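J.: See target_35.pdb below, with PDB, C-alpha atoms and all ligand atoms.
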ATOM      1  CA  MET A   1      99.999  95.766  66.515
ATOM      2  CA  LYS A   2      96.790  97.422  67.726
ATOM      3  CA  ARG A   3      96.925 100.619  69.729
ATOM      4  CA  LYS A   4      96.121 100.296  73.440
ATOM      5  CA  LEU A   5      93.015 102.084  74.675
ATOM      6  CA  LEU A   6      91.860 102.589  78.264
ATOM      7  CA  VAL A   7      88.076 102.225  78.414
ATOM      8  CA  SER A   8      85.629 102.937  81.248
ATOM      9  CA  ALA A   9      84.503  99.472  82.290
ATOM     10  CA  CYS A  10      80.856 100.517  82.524
ATOM     11  CA  LEU A  11      80.894 101.330  78.796
ATOM     12  CA  LEU A  12      81.834  97.701  78.175
ATOM     13  CA  GLY A  13      78.702  96.511  79.958
ATOM     14  CA  ILE A  14      80.322  95.814  83.327
ATOM     15  CA  GLY A  15      77.960  96.651  86.200
ATOM     16  CA  CYS A  16      80.369  98.846  88.182
ATOM     17  CA  ARG A  17      78.257 102.011  88.155
ATOM     18  CA  TYR A  18      77.334 103.560  91.512
ATOM     19  CA  ASP A  19      73.814 102.128  91.319
ATOM     20  CA  GLY A  20      74.951  98.770  89.966
ATOM     21  CA  GLY A  21      73.009  99.542  86.790
ATOM     22  CA  ARG A  22      74.312  99.401  83.286
ATOM     23  CA  VAL A  23      74.923 102.287  80.958
ATOM     24  CA  LYS A  24      74.139 102.116  77.259
ATOM     25  CA  LYS A  25      76.929  99.908  76.041
ATOM     26  CA  ILE A  26      79.147 100.944  73.167
ATOM     27  CA  ASN A  27      79.877  98.651  70.232
ATOM     28  CA  VAL A  28      82.554  96.537  71.916
ATOM     29  CA  GLU A  29      83.166  94.340  68.856
ATOM     30  CA  GLU A  30      83.921  97.345  66.663
ATOM     31  CA  LEU A  31      86.208  98.755  69.349
ATOM     32  CA  THR A  32      88.162  95.542  69.888
ATOM     33  CA  GLU A  33      88.750  95.233  66.143
ATOM     34  CA  ALA A  34      90.604  98.542  66.196
ATOM     35  CA  PHE A  35      92.147  98.638  69.673
ATOM     36  CA  ASP A  36      93.551  96.528  72.474
ATOM     37  CA  ILE A  37      91.244  97.452  75.321
ATOM     38  CA  ILE A  38      92.343  98.000  78.920
ATOM     39  CA  PRO A  39      89.174  98.311  81.050
ATOM     40  CA  ILE A  40      89.312 100.636  84.049
ATOM     41  CA  CYS A  41      86.917 101.660  86.815
ATOM     42  CA  PRO A  42      88.631 104.339  88.909
ATOM     43  CA  GLU A  43      85.955 104.395  91.616
ATOM     44  CA  ILE A  44      86.304 100.670  92.230
ATOM     45  CA  TYR A  45      90.127 100.987  92.165
ATOM     46  CA  GLY A  46      89.742 103.713  94.768
ATOM     47  CA  GLY A  47      88.129 101.204  97.119
ATOM     48  CA  LEU A  48      84.469 102.153  96.700
ATOM     49  CA  PRO A  49      81.856  99.396  96.575
ATOM     50  CA  THR A  50      79.031  98.801  94.092
ATOM     51  CA  PRO A  51      76.378  99.897  94.738
ATOM     52  CA  ARG A  52      77.571 103.136  96.365
ATOM     53  CA  VAL A  53      76.188 106.536  97.184
ATOM     54  CA  PRO A  54      76.700 108.825  94.152
ATOM     55  CA  SER A  55      79.517 111.370  94.272
ATOM     56  CA  GLU A  56      80.101 114.693  92.566
ATOM     57  CA  ARG A  57      83.093 116.992  92.311
ATOM     58  CA  MET A  58      83.110 120.177  94.338
ATOM     59  CA  GLY A  59      86.224 121.862  93.046
ATOM     60  CA  GLU A  60      89.245 119.806  94.097
ATOM     61  CA  ARG A  61      87.175 117.701  96.506
ATOM     62  CA  VAL A  62      84.807 114.853  95.687
ATOM     63  CA  VAL A  63      81.858 114.345  98.005
ATOM     64  CA  MET A  64      79.131 111.733  98.223
ATOM     65  CA  LYS A  65      75.496 112.771  98.343
ATOM     66  CA  ASP A  66      75.464 111.894 102.068
ATOM     67  CA  GLY A  67      78.351 114.314 102.703
ATOM     68  CA  THR A  68      81.169 111.745 102.934
ATOM     69  CA  ASP A  69      84.403 113.111 101.487
ATOM     70  CA  VAL A  70      85.775 110.546  99.033
ATOM     71  CA  THR A  71      88.539 112.660  97.500
ATOM     72  CA  GLU A  72      91.214 110.204  98.609
ATOM     73  CA  ASN A  73      89.369 107.317  96.959
ATOM     74  CA  PHE A  74      89.179 109.282  93.728
ATOM     75  CA  GLU A  75      92.874 110.188  93.942
ATOM     76  CA  ARG A  76      93.802 106.534  94.406
ATOM     77  CA  GLY A  77      91.568 105.508  91.510
ATOM     78  CA  ALA A  78      93.113 108.104  89.210
ATOM     79  CA  LEU A  79      96.648 107.072  90.132
ATOM     80  CA  TYR A  80      95.932 103.372  89.651
ATOM     81  CA  SER A  81      94.255 104.016  86.291
ATOM     82  CA  TYR A  82      97.288 106.002  85.180
ATOM     83  CA  GLU A  83      99.630 103.228  86.318
ATOM     84  CA  LEU A  84      97.617 100.763  84.243
ATOM     85  CA  ALA A  85      97.918 103.051  81.235
ATOM     86  CA  LEU A  86     101.674 103.239  81.694
ATOM     87  CA  ALA A  87     102.051  99.497  82.255
ATOM     88  CA  GLY A  88      99.893  98.701  79.219
ATOM     89  CA  GLY A  89     101.376 101.385  76.978
ATOM     90  CA  ALA A  90      98.092 103.264  76.428
ATOM     91  CA  ASP A  91      98.170 106.925  75.448
ATOM     92  CA  ILE A  92      94.464 107.285  74.664
ATOM     93  CA  ALA A  93      91.286 106.631  76.634
ATOM     94  CA  LEU A  94      87.576 106.314  75.978
ATOM     95  CA  LEU A  95      85.778 107.371  79.145
ATOM     96  CA  LYS A  96      82.184 107.747  80.331
ATOM     97  CA  ALA A  97      80.812 111.241  79.839
ATOM     98  CA  LYS A  98      79.661 113.386  82.812
ATOM     99  CA  SER A  99      81.045 111.071  85.515
ATOM    100  CA  PRO A 100      82.893 112.670  88.470
ATOM    101  CA  SER A 101      85.740 110.241  87.654
ATOM    102  CA  CYS A 102      85.589 109.693  83.932
ATOM    103  CA  GLY A 103      83.744 112.708  82.479
ATOM    104  CA  LYS A 104      85.428 115.154  80.123
ATOM    105  CA  GLY A 105      84.413 118.740  79.391
ATOM    106  CA  GLU A 106      81.256 118.692  81.496
ATOM    107  CA  ILE A 107      80.382 117.040  84.784
ATOM    108  CA  TYR A 108      77.660 117.309  87.426
ATOM    109  CA  ASP A 109      78.085 120.499  89.393
ATOM    110  CA  GLY A 110      78.160 119.217  92.977
ATOM    111  CA  SER A 111      74.541 120.129  93.779
ATOM    112  CA  PHE A 112      73.168 116.609  93.127
ATOM    113  CA  THR A 113      70.353 118.163  91.105
ATOM    114  CA  GLY A 114      71.423 116.829  87.704
ATOM    115  CA  ARG A 115      72.861 120.212  86.723
ATOM    116  CA  LEU A 116      76.018 120.163  84.621
ATOM    117  CA  THR A 117      78.996 122.477  84.713
ATOM    118  CA  LYS A 118      82.242 122.801  82.765
ATOM    119  CA  GLY A 119      84.958 120.521  84.069
ATOM    120  CA  ASP A 120      86.506 117.089  83.969
ATOM    121  CA  GLY A 121      86.187 114.026  86.127
ATOM    122  CA  TYR A 122      89.016 113.343  88.535
ATOM    123  CA  THR A 123      90.642 110.541  86.565
ATOM    124  CA  ALA A 124      90.058 112.187  83.184
ATOM    125  CA  GLU A 125      91.806 115.326  84.451
ATOM    126  CA  TYR A 126      94.659 113.289  85.929
ATOM    127  CA  LEU A 127      95.189 111.334  82.708
ATOM    128  CA  MET A 128      94.989 114.376  80.432
ATOM    129  CA  ALA A 129      97.506 116.254  82.610
ATOM    130  CA  ARG A 130      99.909 113.391  81.931
ATOM    131  CA  GLY A 131      99.521 113.394  78.177
ATOM    132  CA  ILE A 132      96.776 110.817  77.687
ATOM    133  CA  LYS A 133      94.185 111.895  75.157
ATOM    134  CA  VAL A 134      90.651 111.352  76.419
ATOM    135  CA  TYR A 135      87.462 110.846  74.390
ATOM    136  CA  THR A 136      83.970 110.220  75.717
ATOM    137  CA  GLU A 137      81.429 107.791  74.287
ATOM    138  CA  ASN A 138      79.933 110.794  72.467
ATOM    139  CA  GLU A 139      83.193 111.216  70.563
ATOM    140  CA  ILE A 140      83.709 107.678  69.272
ATOM    141  CA  ALA A 141      83.566 108.839  65.639
ATOM    142  CA  MET A 142      86.382 111.286  66.418
ATOM    143  CA  LEU A 143      88.382 108.534  68.145
ATOM    144  CA  PHE A 144      88.122 106.281  65.072
ATOM    145  CA  ALA A 145      88.883 109.178  62.706
ATOM    146  CA  GLU A 146      92.067 110.027  64.586
ATOM    147  CA  GLN A 147      93.028 106.379  64.810
ATOM    148  CA  SER A 148      92.734 105.936  61.040
ATOM    149  CA  LYS A 149      94.995 108.984  60.532
ATOM    150  CA  GLU A 150      97.667 107.254  62.635
ATOM    151  CA  LYS A 151      97.838 104.240  60.299
TER     152      LYS A 151
HETATM  153  S1  LIG A 201      84.150 105.357  87.663
HETATM  154 FE1  LIG A 201      84.133 105.507  85.434
HETATM  155  S2  LIG A 201      84.240 103.351  84.802
HETATM  156 FE2  LIG A 201      83.632 103.333  86.946
HETATM  157  S3  LIG A 201      81.395 103.282  86.866
HETATM  158 FE3  LIG A 201      82.004 105.443  87.035
HETATM  159  S4  LIG A 201      82.054 106.150  84.906
HETATM  160 FE4  LIG A 201      82.090 103.927  84.848
END
Show me, as structure tokens, the structure contained in the file I just sent.
T.:
Amino acid sequence: MKRKLLVSACLLGIGCRYDGGRVKKINVEELTEAFDIIPICPEIYGGLPTPRVPSERMGERVVMKDGTDVTENFERGALYSYELALAGGADIALLKAKSPSCGKGEIYDGSFTGRLTKGDGYTAEYLMARGIKVYTENEIAMLFAEQSKEK
């Protein structure tokens, strides 16, 4: 049986990004050969529309560029993503780098100037705190390497 993997839906080519645009898609065929994929988009689960005003983390809060506080939406999205992981039996995730929801290790710094700072997106942090191992699309080789060790 293949291992379950949560994946940021935008990495699969789904147009759920804040601007409705698409990110550079990963190799979905290669991924589905190795894993059972559970797509997630925490910002949509949190009730935000597409397109939407971009958001960035400011410490424990998440704020849109127009000043709207969307922390509760991000909390809901993180919780729902975690519930999907539990329901599907996923203990690993492949998430979109730098996003205020999905980023790991570095995210935009809350100034909306494109500057990065150390930190994790809201959902990535929530998942990792509950034992789910998170990789970004820049770490796919590492994800496959660890997966082959498991076999
Ligand atoms: S919340 Fe995550 S999955 Fe949704 S568009 Fe942003 S980076 Fe992609």
J.: Choose the residue, out of A:Met1, A:Ala87, A:Leu94, A:Leu11, that has the smallest atom-to-atom separation from ligand LIG 201 (chain A); count all atoms listed in the file.
T.: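 Closest to ligand LIG 201 (chain A), using all atoms listed in the file: A:Leu11.
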J.: Quick one: everything within 12 Å of Ala124 of chain A, counting all atoms listed in the file, minus sequence neighbours fewer than 2 positions away in the same chain. Send it as a ChimeraX atom specification.
T.: /A:6-8,40-42,74-75,77-79,81-82,92-107,119-122,126-136
J.: With only C-alpha atoms and all ligand atoms as the basis for distance, which of A:Arg3, A:Lys65, A:Ala85, A:Thr123 is at the shortest distance from ligand LIG 201 (chain A)?
T.: A:Thr123
J.: From the list A:Cys16, A:Ala90, A:Leu31, A:Cys10, which residue is nearest Phe144 of chain A when using only C-alpha atoms?
T.: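 Comparing A:Cys16, A:Ala90, A:Leu31, A:Cys10 against Phe144 of chain A, the winner is A:Leu31.
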J.: Atom CA of Phe35 of chain A to atom CA of Asn138 of chain A: how many Å, to one decimal?
T.: 17.5 Å
J.: Between atom CA of Leu143 of chain A and atom CA of Leu5 of chain A, what distance in Å does the model show, to one decimal?
T.: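 Atom CA of Leu5 of chain A lies at a distance of 10.3 Å from atom CA of Leu143 of chain A.
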J.: I need the residue nearest ligand LIG 201 (chain A) from this list: A:Ala145, A:Val28, A:Ile14, A:Val70. Use only C-alpha atoms and all ligand atoms for the distance.
T.: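 Looking at the shortest contact to ligand LIG 201 (chain A), the residue is A:Ile14.
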